[in-house]
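Chemist: Provided herewith is a single structure, encoded as structure tokens, for subsequent inquiry.
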Amino acid sequence: MNSSLTAPLLQMTLRAEPDIFVLRQRGREVATAVGLEYQDQIRIATALSEVARDLVRAVGGADVAFRAAGVEEGSPVLRVDLAPLRPFGPAGYEPTSGAVARLVDTLDLTPVGGVTVIRMSRRIPAHAEALTPQRLAELRAQLAQSAPASVLDELTSQNEQLIAALDEVRSQRDELAVLNEELQETNRGVLALYNQLSEELEETNRGVVALYAELDEKSAQLKAASESKSRFLANVSHELRAPVTAVIGLARLLADSASDPLTGEQARQVGLIRSSATDLLALVNDLLDLAKAESGRIEPDWTEVDLRVVFGQLRGTLRALATRPGVDLVVEEPPSPATLRSDETLLTRVLRNLLHNGLKFTEAGEVRMRADLVDGRWRIVVSDTGAGIAPDLHERIFEEFYQVPGSTSGAGTGTGLGLPYARRLAMLLGGSLSVTSEPGRGSAFTLDLPVDGA
Ligand code: ADP
């Protein structure tokens, strides 16, 4: 190791109270010389005088050596070793003021050549002048020359240092107060923002709640309206059925050969009454059916249904209706096994309705019904080669009482209730009813049904 690096910068003896002042003053000089900052100069000088006082009182003094250490390692520190005149007692050494240790980077007891010395150190800042061997030699020479000042001088300078330290404390306190003020202001701002946000949120919430309440009310009104419509239809049709049936019966009686004979004109008028009453009864019955389906009073009777049976029955009953010479009714045989879980009566009603319409609105060609199993669902299609329906009316024909203008001329009478009823029943059976059609080429109504019921 380079001895010009490790040799002490300054050595001195500490024996009595006045030496404490000298040590303090010289300590500060060394600190200044190696480049410690002003605050650190005062810190190490203060620490030295505290420890020195302890040593003078406890062991009668010490030999003190200042060194620059860690220079070669690139982390230079100012190190001070205080070797006590007599060894410490069994309890070792503990500074009287606990705060002393905080003034320096390290303060501990270290054995040096059989003696336990008190060693303290403080880091020399990087921007200080480099401590080359030459520079250290200069510092040693400089420190050896400067004579220690008197106790009074040191007291004066210590006073100045105290005032400077107080100033520093005050300015730090002022700074802290400003910071606190700013923090409080920021806090107030954040709080205001938070309040504003939560108010806005609350307002929005209130709006949403009100909106929902209105929506609930509207849908309740809608439901009530729809229910009362269905109830009204059901009641009226029910009340109408008896008198209309009576009218038909009376008309039949009048026309009966057992009654008094009618004139030709009377017979014609009675015939008109009878056919009008029959139409009216059909309408009343359709209305009653639809009202029942809409009010949910129809409960499907779920059983295993064989489509071949249903198709066979329809083929038989509708043959009587297919009276037009140029129109064929083709009911294809469904692929077997053709079973599904459904309500046979309701299913038959839907299909009859579709076939009936097909026959009603087809002048020439054919009306065909076929069933296919597609992706685990039954798809039953009733198609015809009739007049077809314009695309914008594809949904309207499922509305109650809607009839395509001009479509019924020559096609016989209708009520416009058949398709809405059929669609209702399809939904009750867990399926759907839709139409594809091209005017002039015909229509195809598709009933889509699950295999395993709803
Ligand atoms: P209705 O047959 O008693 O008039 P629907 O509800 O069954 O009542 O049908 C509504 C309307 O839809 C019919 O009036 C007719 O204009 C049209 N329509 C239904 N089926 C067909 C079809 N197969 N071809 C052409 N138009 C049809």
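Note on naming: chains are A, B, ... as they come in the structure tokens, residues start from 1 per chain, ligands start from 1 in the order shown.
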I'd like the neighbourhood of Val30 (chain A) as number ranges by chain, where a residue qualifies if any of its atoms comes within 9 Å (using only C-alpha atoms), though same-chain residues fewer than 2 positions away should be ignored.

Modeler: A: 9-10, 25-28, 32-36, 41, 66, 78, 139, 143

Chemist: Write to file, as a short mmCIF file (atom, residue, chain, number, x, y, z; two decimals), in the first residue's frame, the residues of the selection just made, with C-alpha atoms.

Modeler:
data_model
loop_
_atom_site.label_atom_id
_atom_site.label_comp_id
_atom_site.auth_asym_id
_atom_site.auth_seq_id
_atom_site.Cartn_x
_atom_site.Cartn_y
_atom_site.Cartn_z
CA LEU A 9 -3.11 14.22 7.26
CA LEU A 10 -2.94 15.56 10.79
CA GLN A 25 -11.65 23.66 14.93
CA ARG A 26 -8.91 21.53 13.36
CA GLY A 27 -11.43 18.86 12.45
CA ARG A 28 -13.31 21.44 10.44
CA THR A 32 -12.60 21.77 4.41
CA ALA A 33 -9.19 20.80 3.02
CA VAL A 34 -10.31 17.39 1.68
CA GLY A 35 -13.41 18.93 0.04
CA LEU A 36 -16.35 18.11 2.37
CA GLN A 41 -17.75 20.16 7.80
CA PHE A 66 -7.11 12.31 10.51
CA LEU A 78 -12.37 11.41 5.70
CA LEU A 139 -2.67 19.17 2.38
CA LEU A 143 -2.37 21.66 7.85
#

Chemist: Within 8 Å of ligand 1, counting only C-alpha atoms and all ligand atoms, which protein or nucleic acid residues do you find, written as a PyMOL selection string?

Modeler: chain A and resi 353-355+357-362+383-384+386-389+397-408+413-421+442-445

Chemist: Quick one: everything within 10 Å of region 254-262 of chain A, counting only C-alpha atoms, minus sequence neighbours fewer than 6 positions away in the same chain. Send it as a list in words.

Modeler: Ile248, Arg268, Val270, Gly271 and Arg274 of chain A

Chemist: Restricting the calculation to only C-alpha atoms: of A:Val330, A:Val451, A:Ala422, A:Ala141, which residue gets closest to Glu304 (chain A)?

Modeler: A:Val451

Chemist: Counting only C-alpha atoms, which of A:Arg24, A:Arg241, A:Arg252, A:Arg86 gets nearest to Asp153 (chain A)?

Modeler: A:Arg24

Chemist: Closest to Asn285 (chain A) among A:Ser336, A:Ser219, A:Ser146, A:Asn235, using only C-alpha atoms?

Modeler: A:Asn235

Chemist: Counting only C-alpha atoms, which residues in region 102-172 of chain A sit no more than 12 Å from region 177-198 of chain A? For each one, give the nearest pair of atoms and the distance in Å, sorted by chain then residue number, as CSV.

Modeler:
residue,atom,partner,partner_atom,distance
A:Arg170,CA,A:Ala177,CA,10.4
A:Ser171,CA,A:Ala177,CA,9.7
A:Gln172,CA,A:Ala177,CA,8.6

Chemist: What's around Val236 (chain A) at 9 Å? Count only C-alpha atoms, leave out sequence neighbours fewer than 4 positions away in its own chain, and write the answer as a VMD selection string.

Modeler: chain A and resid 231 to 232 240 to 241 284 288

Chemist: Using DSSP on the backbone coordinates, identify the residues of region 140-343 of chain A assigned to strand (DSSP E); present them as number ranges by chain.

Modeler: A: 303-306, 327-331, 339-342

Chemist: If we count only C-alpha atoms and set the cut-off at 10 Å, which residues sit around Val331 (chain A), ignoring sequence neighbours fewer than 6 positions away in its own chain? Please answer as a list of chain:residue names.

Modeler: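 My list of contacting residues is A:Phe311, A:Gly312, A:Leu314, A:Arg315, A:Gly316, A:Leu355, A:Val367, A:Arg368, A:Met369, A:Arg370, A:Ala371, A:Val382.
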
Chemist: Which residue is closest to Arg319 (chain A)? Choose from A:Arg349, A:His356, A:Glu239, A:Val59 and count only C-alpha atoms.

Modeler: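 Result for the nearest residue to Arg319 (chain A): A:His356.
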
Chemist: Do a neighbour search on Thr348 (chain A) at 8 Å with only C-alpha atoms, toss out local chain neighbours closer than 3 positions, and write the hits as a PyMOL selection string.

Modeler: chain A and resi 310+314+344-345+351-352

Chemist: Would you save the residues of that selection, restricted to C-alpha atoms, as an mmCIF file, in the first residue's frame?

Modeler:
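So the final result, stored in again-v3.cif, reads:
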data_model
loop_
_atom_site.group_PDB
_atom_site.id
_atom_site.type_symbol
_atom_site.label_atom_id
_atom_site.label_comp_id
_atom_site.auth_asym_id
_atom_site.auth_seq_id
_atom_site.Cartn_x
_atom_site.Cartn_y
_atom_site.Cartn_z
ATOM 1 C CA VAL A 310 -100.555 -36.262 -39.441
ATOM 2 C CA LEU A 314 -104.397 -33.938 -43.897
ATOM 3 C CA GLU A 344 -100.859 -33.413 -32.648
ATOM 4 C CA THR A 345 -104.045 -31.329 -32.669
ATOM 5 C CA LEU A 351 -100.547 -27.282 -41.295
ATOM 6 C CA ARG A 352 -104.206 -27.348 -42.324
#

Chemist: Residues within 12 Å of Gln11 (chain A), please, as a ChimeraX atom specification. Count only C-alpha atoms; anything in the same chain fewer than 2 positions from it doesn't count.

Modeler: /A:7-9,13-14,23,26-27,30,62-67,80-83,140,143-144

Chemist: With N, CA, C and O atoms retained, export the selected residues as an mmCIF file, in the first residue's frame.

Modeler:
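Final output, part33.cif:
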data_model
loop_
_atom_site.group_PDB
_atom_site.id
_atom_site.type_symbol
_atom_site.label_atom_id
_atom_site.label_comp_id
_atom_site.auth_asym_id
_atom_site.auth_seq_id
_atom_site.Cartn_x
_atom_site.Cartn_y
_atom_site.Cartn_z
ATOM 1 N N ALA A 7 -0.678 7.702 5.174
ATOM 2 C CA ALA A 7 -0.124 8.512 6.278
ATOM 3 C C ALA A 7 -1.147 9.543 6.722
ATOM 4 O O ALA A 7 -1.901 10.071 5.910
ATOM 5 N N PRO A 8 -1.212 9.823 8.070
ATOM 6 C CA PRO A 8 -2.196 10.782 8.566
ATOM 7 C C PRO A 8 -2.006 12.162 7.952
ATOM 8 O O PRO A 8 -0.887 12.567 7.653
ATOM 9 N N LEU A 9 -3.160 12.841 7.744
ATOM 10 C CA LEU A 9 -3.107 14.218 7.258
ATOM 11 C C LEU A 9 -2.726 15.137 8.412
ATOM 12 O O LEU A 9 -2.073 16.156 8.230
ATOM 13 N N THR A 13 -3.131 15.708 19.968
ATOM 14 C CA THR A 13 -3.444 15.070 21.245
ATOM 15 C C THR A 13 -4.589 15.806 21.908
ATOM 16 O O THR A 13 -4.748 17.030 21.775
ATOM 17 N N LEU A 14 -5.375 15.019 22.651
ATOM 18 C CA LEU A 14 -6.533 15.550 23.365
ATOM 19 C C LEU A 14 -6.352 15.176 24.821
ATOM 20 O O LEU A 14 -6.280 13.985 25.161
ATOM 21 N N LEU A 23 -9.707 20.623 18.834
ATOM 22 C CA LEU A 23 -10.006 19.465 17.990
ATOM 23 C C LEU A 23 -11.152 19.782 17.021
ATOM 24 O O LEU A 23 -11.123 19.454 15.841
ATOM 25 N N ARG A 26 -9.834 22.188 14.293
ATOM 26 C CA ARG A 26 -8.912 21.529 13.356
ATOM 27 C C ARG A 26 -9.665 20.491 12.509
ATOM 28 O O ARG A 26 -9.391 20.309 11.332
ATOM 29 N N GLY A 27 -10.611 19.841 13.177
ATOM 30 C CA GLY A 27 -11.426 18.865 12.446
ATOM 31 C C GLY A 27 -12.106 19.521 11.251
ATOM 32 O O GLY A 27 -12.159 18.988 10.156
ATOM 33 N N VAL A 30 -9.564 20.258 8.486
ATOM 34 C CA VAL A 30 -9.235 19.075 7.670
ATOM 35 C C VAL A 30 -10.393 18.789 6.712
ATOM 36 O O VAL A 30 -10.190 18.532 5.515
ATOM 37 N N ALA A 62 -7.274 11.396 24.459
ATOM 38 C CA ALA A 62 -7.019 10.461 23.356
ATOM 39 C C ALA A 62 -5.982 11.048 22.424
ATOM 40 O O ALA A 62 -5.703 12.245 22.472
ATOM 41 N N ASP A 63 -5.433 10.147 21.553
ATOM 42 C CA ASP A 63 -4.597 10.618 20.453
ATOM 43 C C ASP A 63 -5.442 10.533 19.186
ATOM 44 O O ASP A 63 -6.090 9.516 18.931
ATOM 45 N N VAL A 64 -5.408 11.623 18.452
ATOM 46 C CA VAL A 64 -6.317 11.714 17.304
ATOM 47 C C VAL A 64 -5.529 11.756 16.012
ATOM 48 O O VAL A 64 -4.510 12.443 15.914
ATOM 49 N N ALA A 65 -6.020 10.989 14.987
ATOM 50 C CA ALA A 65 -5.377 11.012 13.678
ATOM 51 C C ALA A 65 -6.429 11.148 12.592
ATOM 52 O O ALA A 65 -7.434 10.438 12.584
ATOM 53 N N PHE A 66 -6.215 12.105 11.655
ATOM 54 C CA PHE A 66 -7.113 12.311 10.508
ATOM 55 C C PHE A 66 -6.464 11.669 9.287
ATOM 56 O O PHE A 66 -5.282 11.864 9.036
ATOM 57 N N ARG A 67 -7.223 10.912 8.530
ATOM 58 C CA ARG A 67 -6.691 10.293 7.316
ATOM 59 C C ARG A 67 -7.714 10.406 6.182
ATOM 60 O O ARG A 67 -8.917 10.491 6.431
ATOM 61 N N VAL A 80 -11.439 9.599 10.950
ATOM 62 C CA VAL A 80 -10.777 10.103 12.156
ATOM 63 C C VAL A 80 -10.717 8.971 13.177
ATOM 64 O O VAL A 80 -11.739 8.366 13.496
ATOM 65 N N ASP A 81 -9.495 8.657 13.654
ATOM 66 C CA ASP A 81 -9.341 7.646 14.704
ATOM 67 C C ASP A 81 -8.992 8.343 16.007
ATOM 68 O O ASP A 81 -8.077 9.174 16.048
ATOM 69 N N LEU A 82 -9.758 8.030 17.064
ATOM 70 C CA LEU A 82 -9.457 8.595 18.376
ATOM 71 C C LEU A 82 -9.040 7.431 19.280
ATOM 72 O O LEU A 82 -9.884 6.616 19.669
ATOM 73 N N ALA A 83 -7.725 7.324 19.567
ATOM 74 C CA ALA A 83 -7.224 6.229 20.416
ATOM 75 C C ALA A 83 -7.226 6.694 21.862
ATOM 76 O O ALA A 83 -6.512 7.643 22.239
ATOM 77 N N ARG A 140 -1.109 17.948 3.821
ATOM 78 C CA ARG A 140 -0.392 17.698 5.068
ATOM 79 C C ARG A 140 0.457 18.919 5.434
ATOM 80 O O ARG A 140 0.426 19.393 6.571
ATOM 81 N N LEU A 143 -1.783 21.834 6.525
ATOM 82 C CA LEU A 143 -2.373 21.665 7.851
ATOM 83 C C LEU A 143 -1.309 21.788 8.947
ATOM 84 O O LEU A 143 -1.582 22.268 10.047
ATOM 85 N N ALA A 144 -0.085 21.346 8.629
ATOM 86 C CA ALA A 144 0.987 21.411 9.631
ATOM 87 C C ALA A 144 1.334 22.859 9.934
ATOM 88 O O ALA A 144 1.716 23.214 11.043
#
